[in-house]
$ cat my_file19.txt   # compact mmCIF, C-alpha atoms and all ligand atoms
# COMPACT_ATOMS: atom_id res chain seq x y z
CA MET A 4 0.00 0.00 0.00
CA THR A 5 1.37 3.42 -0.92
CA HIS A 6 1.48 6.00 1.80
CA PRO A 7 -0.90 8.92 1.17
CA HIS A 8 1.68 11.34 2.56
CA PRO A 9 5.36 11.18 1.67
CA ILE A 10 7.69 10.20 4.51
CA PRO A 11 10.05 13.12 5.16
CA GLU A 12 13.76 12.54 4.68
CA ASP A 13 14.45 13.37 8.30
CA ALA A 14 11.73 11.02 9.63
CA GLU A 15 14.17 9.09 11.83
CA ALA A 16 15.62 12.28 13.28
CA ARG A 17 12.11 13.48 14.09
CA ARG A 18 11.27 10.21 15.82
CA ALA A 19 14.51 10.44 17.80
CA VAL A 20 13.56 13.75 19.46
CA ARG A 21 13.62 13.16 23.21
CA PRO A 22 10.29 13.38 25.06
CA VAL A 23 9.74 15.94 27.80
CA ILE A 24 7.49 15.40 30.79
CA CYS A 25 4.21 17.30 30.23
CA TYR A 26 3.70 18.17 33.86
CA PRO A 27 6.93 18.19 35.87
CA ASN A 28 5.41 17.64 39.31
CA GLU A 29 8.18 18.92 41.58
CA THR A 30 6.06 21.97 42.39
CA LEU A 31 2.96 19.99 43.39
CA PRO A 32 2.12 20.52 47.05
CA ARG A 33 3.63 17.52 48.83
CA PRO A 34 1.67 15.43 51.30
CA ASP A 35 3.28 15.10 54.72
CA LEU A 36 3.48 11.30 54.64
CA ALA A 37 5.33 11.09 57.97
CA LEU A 38 2.48 12.95 59.68
CA TYR A 39 -0.09 10.68 58.00
CA GLN A 40 1.80 7.56 59.05
CA GLU A 41 2.01 8.69 62.63
CA ALA A 42 -1.70 9.57 62.68
CA ARG A 43 -2.52 6.19 61.17
CA MET A 44 -0.67 4.32 63.92
CA GLY A 45 -3.04 5.62 66.58
CA ALA A 46 -6.17 5.36 64.43
CA GLN A 47 -9.21 3.24 65.32
CA LYS A 48 -11.48 1.45 62.91
CA VAL A 49 -14.86 3.20 62.79
CA ALA A 50 -16.66 1.54 59.87
CA GLU A 51 -16.45 -1.24 57.33
CA VAL A 52 -18.42 -2.41 54.35
CA THR A 53 -18.08 -5.59 52.34
CA VAL A 54 -18.53 -5.22 48.60
CA PRO A 55 -20.20 -8.37 47.24
CA ALA A 56 -18.78 -9.97 44.10
CA ARG A 57 -20.11 -8.35 40.88
CA GLU A 58 -21.76 -5.61 42.95
CA ALA A 59 -20.77 -2.21 44.30
CA ALA A 60 -21.10 -0.67 47.75
CA SER A 61 -20.93 2.93 48.92
CA PHE A 62 -19.14 4.39 51.95
CA GLU A 63 -18.39 7.75 53.52
CA VAL A 64 -15.03 8.95 54.79
CA ALA A 65 -14.56 12.23 56.64
CA ALA A 66 -11.61 14.49 55.83
CA GLY A 67 -8.74 13.40 58.04
CA GLN A 68 -9.80 9.73 58.14
CA PHE A 69 -8.19 6.83 56.31
CA PHE A 70 -9.84 4.18 54.16
CA ARG A 71 -8.40 0.84 53.17
CA ILE A 72 -9.48 -1.40 50.28
CA THR A 73 -8.54 -5.05 50.82
CA SER A 74 -8.70 -8.07 48.56
CA ILE A 75 -10.31 -10.90 50.52
CA GLU A 76 -10.98 -14.55 49.66
CA GLY A 77 -9.51 -14.38 46.15
CA PRO A 78 -7.85 -12.12 43.57
CA GLN A 79 -10.26 -9.35 42.68
CA VAL A 80 -10.06 -5.99 40.94
CA GLY A 81 -12.07 -3.02 42.17
CA ASP A 82 -13.35 0.07 40.35
CA LEU A 83 -13.35 3.13 42.61
CA ASN A 84 -15.38 6.34 42.28
CA LEU A 85 -15.02 9.28 44.68
CA TRP A 86 -17.18 12.36 45.15
CA ASN A 87 -17.15 15.34 47.47
CA ARG A 88 -19.71 14.20 50.04
CA HIS A 89 -21.38 17.64 50.11
CA ASP A 90 -21.39 18.33 46.36
CA ILE A 91 -21.17 15.40 43.97
CA SER A 92 -20.39 17.71 41.05
CA GLU A 93 -16.86 17.53 42.45
CA ARG A 94 -15.53 14.09 41.63
CA PHE A 95 -12.38 12.13 40.90
CA PHE A 96 -10.57 13.26 37.71
CA SER A 97 -8.79 10.20 36.38
CA GLY A 98 -7.37 12.02 33.33
CA LYS A 99 -5.64 14.80 35.24
CA THR A 100 -4.43 12.39 37.92
CA ARG A 101 -2.80 10.42 35.08
CA ALA A 102 -1.28 13.57 33.58
CA LEU A 103 0.18 14.57 36.94
CA HIS A 104 1.35 11.23 38.35
CA GLY A 105 1.50 8.78 35.46
CA THR A 106 -0.60 5.83 34.32
CA HIS A 107 -0.65 4.04 37.69
CA VAL A 108 -0.65 5.38 41.25
CA THR A 109 1.08 4.26 44.41
CA THR A 110 2.16 5.53 47.84
CA GLY A 111 2.57 9.31 48.05
CA GLU A 112 0.49 10.01 44.94
CA ARG A 113 -2.91 11.60 45.00
CA LEU A 114 -6.35 11.34 43.47
CA TRP A 115 -7.31 14.79 42.10
CA SER A 116 -10.77 16.24 41.57
CA ASN A 117 -12.26 17.62 38.35
CA LEU A 118 -12.25 21.23 37.16
CA PRO A 119 -12.86 23.81 38.51
CA PHE A 120 -12.02 22.22 41.87
CA LEU A 121 -8.73 20.47 41.04
CA ARG A 122 -7.49 19.63 44.50
CA PRO A 123 -6.35 16.38 46.11
CA MET A 124 -9.33 14.30 47.25
CA ALA A 125 -7.25 11.46 48.69
CA THR A 126 -3.59 10.53 49.09
CA VAL A 127 -2.31 6.96 48.75
CA THR A 128 -0.60 6.19 52.06
CA GLU A 129 0.07 2.47 51.72
CA ASP A 130 0.23 0.00 48.84
CA THR A 131 1.13 -3.63 49.50
CA LEU A 132 1.58 -4.09 45.73
CA GLY A 133 4.12 -1.28 45.52
CA TRP A 134 6.81 -3.95 44.91
CA TYR A 135 5.34 -4.78 41.48
CA GLY A 136 6.75 -1.75 39.67
CA ILE A 137 6.50 -1.88 35.86
CA ASP A 138 6.77 -5.33 34.27
CA ALA A 139 8.37 -6.35 30.95
CA TYR A 140 5.11 -5.72 29.06
CA GLY A 141 4.85 -2.19 30.45
CA GLY A 142 2.11 -3.35 32.84
CA SER A 143 1.63 -1.99 36.34
CA VAL A 144 -0.99 -1.95 39.11
CA HIS A 145 -3.75 0.53 40.16
CA ASP A 146 -4.30 2.32 36.86
CA VAL A 147 -5.92 5.58 35.93
CA ILE A 148 -5.99 4.70 32.22
CA GLY A 149 -9.00 2.43 31.99
CA THR A 150 -12.47 3.94 32.23
CA ARG A 151 -14.70 1.29 33.84
CA CYS A 152 -16.36 -1.70 32.22
CA ASP A 153 -19.79 -0.68 31.01
CA PRO A 154 -22.79 -2.23 29.25
CA TYR A 155 -22.72 0.25 26.38
CA THR A 156 -19.28 -0.77 25.13
CA GLY A 157 -20.30 -4.39 25.67
CA HIS A 158 -23.41 -3.81 23.59
CA LEU A 159 -21.39 -2.08 20.89
CA LEU A 160 -18.85 -4.89 20.60
CA GLN A 161 -20.86 -8.03 21.39
CA GLY A 162 -24.52 -7.00 21.59
CA GLY A 163 -26.58 -8.13 24.56
CA HIS A 164 -27.43 -6.45 27.86
CA TYR A 165 -25.14 -7.29 30.75
CA HIS A 166 -26.14 -5.55 34.00
CA HIS A 167 -23.22 -6.13 36.37
CA CYS A 168 -20.50 -4.07 34.71
CA CYS A 169 -18.78 -1.66 37.10
CA HIS A 170 -20.60 1.26 35.49
CA SER A 171 -23.99 -0.21 36.38
CA ASN A 172 -22.84 -1.42 39.80
CA LEU A 173 -21.57 2.09 40.64
CA THR A 174 -24.78 3.63 39.28
CA ARG A 175 -26.96 1.48 41.54
CA ALA A 176 -24.74 2.09 44.57
CA LEU A 177 -24.82 5.88 44.13
CA ALA A 178 -28.58 5.88 43.42
CA ASP A 179 -29.21 3.91 46.61
CA HIS A 180 -26.87 6.03 48.74
CA LEU A 181 -28.35 9.39 47.69
CA ASP A 182 -31.84 8.17 46.88
CA LEU A 183 -31.51 9.34 43.27
CA PRO A 184 -33.20 7.90 40.19
CA LEU A 185 -30.85 5.61 38.26
CA THR A 186 -30.78 7.98 35.27
CA GLU A 187 -29.57 10.83 37.49
CA ALA A 188 -27.04 8.76 39.40
CA GLU A 189 -25.62 7.36 36.17
CA MET A 190 -24.56 10.83 35.01
CA GLN A 191 -22.37 11.22 38.13
CA VAL A 192 -20.49 7.95 37.63
CA HIS A 193 -17.03 8.72 36.26
CA ASP A 194 -13.76 7.16 35.14
CA VAL A 195 -12.33 5.11 37.97
CA LEU A 196 -9.19 4.22 39.79
CA ASN A 197 -8.71 0.55 38.88
CA VAL A 198 -7.66 -0.80 42.26
CA PHE A 199 -5.37 -3.89 41.99
CA MET A 200 -5.87 -4.08 38.22
CA CYS A 201 -2.72 -4.80 36.19
CA THR A 202 -2.77 -2.94 32.89
CA GLY A 203 -0.73 -1.12 30.28
CA PHE A 204 -0.59 -0.29 26.59
CA THR A 205 0.92 -2.63 24.02
CA ARG A 206 4.08 -1.20 22.48
CA ASP A 207 3.29 -2.30 18.91
CA THR A 208 -0.36 -1.24 18.60
CA GLY A 209 -0.82 1.06 21.59
CA GLN A 210 -3.85 -0.95 22.75
CA TYR A 211 -5.05 -1.06 26.34
CA PHE A 212 -4.25 -4.45 27.84
CA MET A 213 -4.95 -6.20 31.11
CA LYS A 214 -3.38 -9.26 32.69
CA ALA A 215 -4.00 -11.32 35.80
CA SER A 216 -3.71 -9.06 38.83
CA PRO A 217 -0.83 -10.01 41.17
CA VAL A 218 -3.13 -9.27 44.14
CA ARG A 219 -3.37 -11.92 46.86
CA PRO A 220 -5.95 -12.04 49.64
CA GLY A 221 -4.76 -9.65 52.33
CA ASP A 222 -3.23 -7.15 49.92
CA TYR A 223 -4.57 -3.63 50.35
CA LEU A 224 -4.42 -0.07 49.13
CA GLU A 225 -4.90 2.60 51.76
CA PHE A 226 -5.79 6.29 51.42
CA PHE A 227 -5.93 9.40 53.53
CA ALA A 228 -9.10 11.42 52.83
CA GLU A 229 -8.15 15.04 52.14
CA ILE A 230 -11.79 16.21 51.92
CA ASP A 231 -15.12 14.70 53.05
CA LEU A 232 -15.73 11.85 50.64
CA LEU A 233 -18.49 9.70 49.34
CA GLY A 234 -16.98 6.62 47.72
CA ALA A 235 -18.31 3.68 45.76
CA LEU A 236 -16.35 0.54 44.95
CA SER A 237 -17.38 -2.09 42.42
CA ALA A 238 -15.99 -5.63 42.57
CA CYS A 239 -15.45 -5.93 38.81
CA PRO A 240 -17.15 -8.84 37.00
CA GLY A 241 -13.71 -9.42 35.45
CA GLY A 242 -12.50 -10.86 38.80
CA ASP A 243 -8.69 -10.71 38.58
CA CYS A 244 -9.13 -9.49 34.96
CA SER A 245 -6.97 -12.32 33.56
CA SER A 246 -9.32 -13.04 30.66
CA GLU A 247 -12.56 -11.14 30.26
CA HIS A 248 -14.95 -8.75 31.89
CA SER A 249 -18.55 -7.76 31.18
CA SER A 250 -19.83 -11.31 31.68
CA ASP A 251 -20.44 -13.83 34.45
CA THR A 252 -17.68 -16.22 33.37
CA ALA A 253 -14.76 -14.98 35.54
CA ALA A 254 -14.30 -16.06 39.16
CA CYS A 255 -15.24 -13.09 41.36
CA TYR A 256 -14.70 -12.35 45.03
CA PRO A 257 -15.91 -9.76 47.52
CA MET A 258 -13.75 -6.87 48.68
CA LEU A 259 -13.50 -5.06 52.00
CA VAL A 260 -13.51 -1.32 52.66
CA GLU A 261 -12.53 -0.15 56.16
CA VAL A 262 -12.48 3.38 57.59
CA PHE A 263 -10.06 4.46 60.32
CA GLU A 264 -10.23 7.56 62.51
CA PRO A 265 -6.99 9.04 63.94
CA ALA A 266 -6.77 10.03 67.60
CA PRO A 267 -7.80 13.63 68.40
CA GLY A 268 -4.97 16.07 67.72
CA ALA A 269 -3.00 13.56 65.64
CA LEU A 270 -3.16 15.70 62.50
CA GLN A 271 -1.76 18.93 63.87
CA GLY A 272 -0.47 21.05 61.01
CA TRP A 273 -2.67 19.40 58.39
CA GLU A 274 -5.48 21.29 56.71
CA SER A 275 -8.08 20.03 54.28
CA PRO A 276 -7.07 21.53 50.90
CA ALA A 277 -9.08 24.47 49.55
CA ARG A 278 -10.50 24.26 46.04
CA ASN A 279 -8.20 25.45 43.27
CA GLY A 280 -7.22 29.11 43.38
CA TYR A 281 -7.57 29.99 39.68
CA ASP A 282 -9.83 33.09 39.49
CA ARG A 283 -12.14 31.56 36.84
CA SER A 284 -12.39 34.79 34.83
CA HIS A 285 -11.17 32.92 31.70
CA GLY A 286 -9.77 36.10 30.21
CA ARG A 287 -13.01 38.12 30.29
ZN ZN A 301 -15.25 -3.59 35.86
$ encode --input "my_file19.txt" --output "structure tokens"
Amino acid sequence: MTHPHPIPEDAEARRAVRPVICYPNETLPRPDLALYQEARMGAQKVAEVTVPAREAASFEVAAGQFFRITSIEGPQVGDLNLWNRHDISERFFSGKTRALHGTHVTTGERLWSNLPFLRPMATVTEDTLGWYGIDAYGGSVHDVIGTRCDPYTGHLLQGGHYHHCCHSNLTRALADHLDLPLTEAEMQVHDVLNVFMCTGFTRDTGQYFMKASPVRPGDYLEFFAEIDLLGALSACPGGDCSSEHSSDTAACYPMLVEVFEPAPGALQGWESPARNGYDRSHGR
């Protein structure tokens, strides 16, 4: 096949130009991880919810509390949504989190909210899968590159009507928590943090891939809540996402969400972040 556009003579030189990081993040406000760790040591568990397999559950976390997501019983991937508990128009912004921290998050990195809020909603304080790093395929754990499995894409590619995709699970959980009609709740469901999911992009075709999650029962990802949060977690119908999702064929397991409250005075010096300071005049 002939190329519609001629390849320039300096094509190789152009390809060899070195990349630059879009958002050097040295100037991002840094979380005081030592303070968080100390506060966590004296914290008491105040709530827990079990997320059934192929379902989602909601939970609330106050600013200054911690929440932990644990794989129990068997390897299982979870799709996490976060909202400001007082105003669900502020929600987790997977795309900007990816631009700031990279394709996967781990200890010390943060989950940022959408525009015009753009502030840290939660900080990752512990990750028992932090050892995984980036494997030979370019895969890593806890991604902010996938969206969430949903019945529309399933319908587009295979037809049919599967109702336990993460999108639908999260929709039902939010609708139940806030007593909203499903159609209203659905519009607030957003791109997720893929907890424990092992993903990347193929080098040859640039396609999104998944592989069996390295998560073992007992592994967890823990967060510090920077603002008052409403969360929903879906135990993905893909199970460990080693083969397929959007069906009932994969082995699926429940997941555990626990909330911990630090001792009074343990967070001296910490303040819940204000919403972004841009003046919003947009040049007018
Ligand atoms: Zn899913």
$ closest_residue --input "my_file19.txt" --among "A:Gly149, A:Gly209, A:Pro34, A:Pro154" --to "Thr128 (chain A)" --atoms "all atoms listed in the file"
A:Pro34
$ residues_near_ligand --input "my_file19.txt" --ligand "ligand ZN 301 (chain A)" --cutoff "6 Å" --atoms "all atoms listed in the file" --output "NGL selection string"
:A and (151-152 or 168-169 or 239-240)
$ closest_residue --input "my_file19.txt" --among "A:Leu224, A:Val64, A:Ala102, A:Ala188" --to "Glu129 (chain A)" --atoms "only C-alpha atoms"
A:Leu224
$ residues_around --input "my_file19.txt" --residues "region 43-52 of chain A" --least-positions-apart "4" --cutoff "7 Å" --atoms "all atoms listed in the file" --output "list of chain:residue names"
A:Tyr39, A:Leu259, A:Val260, A:Glu261, A:Val262, A:Phe263, A:Glu264, A:Pro265, A:Ala266
$ residues_around --input "my_file19.txt" --residues "region 76-85 of chain A" --least-positions-apart "6" --cutoff "6 Å" --atoms "only C-alpha atoms" --output "list in words"
Arg94, Phe95, Val195, Leu196, Asn197, Val198, Phe199, Met200, Val218, Arg219, Pro220, Leu233, Gly234, Ala235, Leu236, Ser237, Ala238, Cys239, Gly242, Asp243 and Tyr256 of chain A
$ residues_around --input "my_file19.txt" --residues "Val54 (chain A)" --least-positions-apart "6" --cutoff "6 Å" --atoms "all atoms listed in the file" --output "PyMOL selection string"
chain A and resi 60+257-258
$ closest_residue --input "my_file19.txt" --among "A:Ile91, A:Cys255, A:Ile72, A:Leu114" --to "Leu181 (chain A)" --atoms "all atoms listed in the file"
A:Ile91
$ atom_distance --input "my_file19.txt" --atom1 "CA of Ser275 (chain A)" --atom2 "CA of Thr30 (chain A)"
18.6 Å
$ residues_around --input "my_file19.txt" --residues "Val127 (chain A)" --least-positions-apart "4" --cutoff "12 Å" --atoms "only C-alpha atoms" --output "number ranges by chain"
A: 34-36, 39-40, 69-72, 104, 107-115, 123, 131, 133, 145, 196, 198, 223-229
$ atom_distance --input "my_file19.txt" --atom1 "CA of Glu247 (chain A)" --atom2 "CA of Lys214 (chain A)"
9.7 Å
$ atom_distance --input "my_file19.txt" --atom1 "CA of Glu93 (chain A)" --atom2 "CA of Ser116 (chain A)"
6.3 Å
$ residues_around --input "my_file19.txt" --residues "Arg206 (chain A)" --least-positions-apart "5" --cutoff "10 Å" --atoms "only C-alpha atoms" --output "count of residues only"
3
$ closest_residue --input "my_file19.txt" --among "A:His167, A:Met124, A:Met190, A:Phe212" --to "Val144 (chain A)" --atoms "all atoms listed in the file"
A:Phe212
$ closest_residue --input "my_file19.txt" --among "A:Glu63, A:Leu38, A:Lys99, A:Asn117" --to "Gln271 (chain A)" --atoms "all atoms listed in the file"
A:Leu38
$ axis_aligned_box --input "my_file19.txt" --around "region 183-200 of chain A" --padding-each-side "3 Å" --output "JSON"
{"center_x": -19.3, "center_y": 3.6, "center_z": 39.1, "size_x": 33.8, "size_y": 21.3, "size_z": 14.3}
$ closest_residue --input "my_file19.txt" --among "A:Pro11, A:Gly163, A:Gly136, A:Gly98" --to "Thr202 (chain A)" --atoms "all atoms listed in the file"
A:Gly136
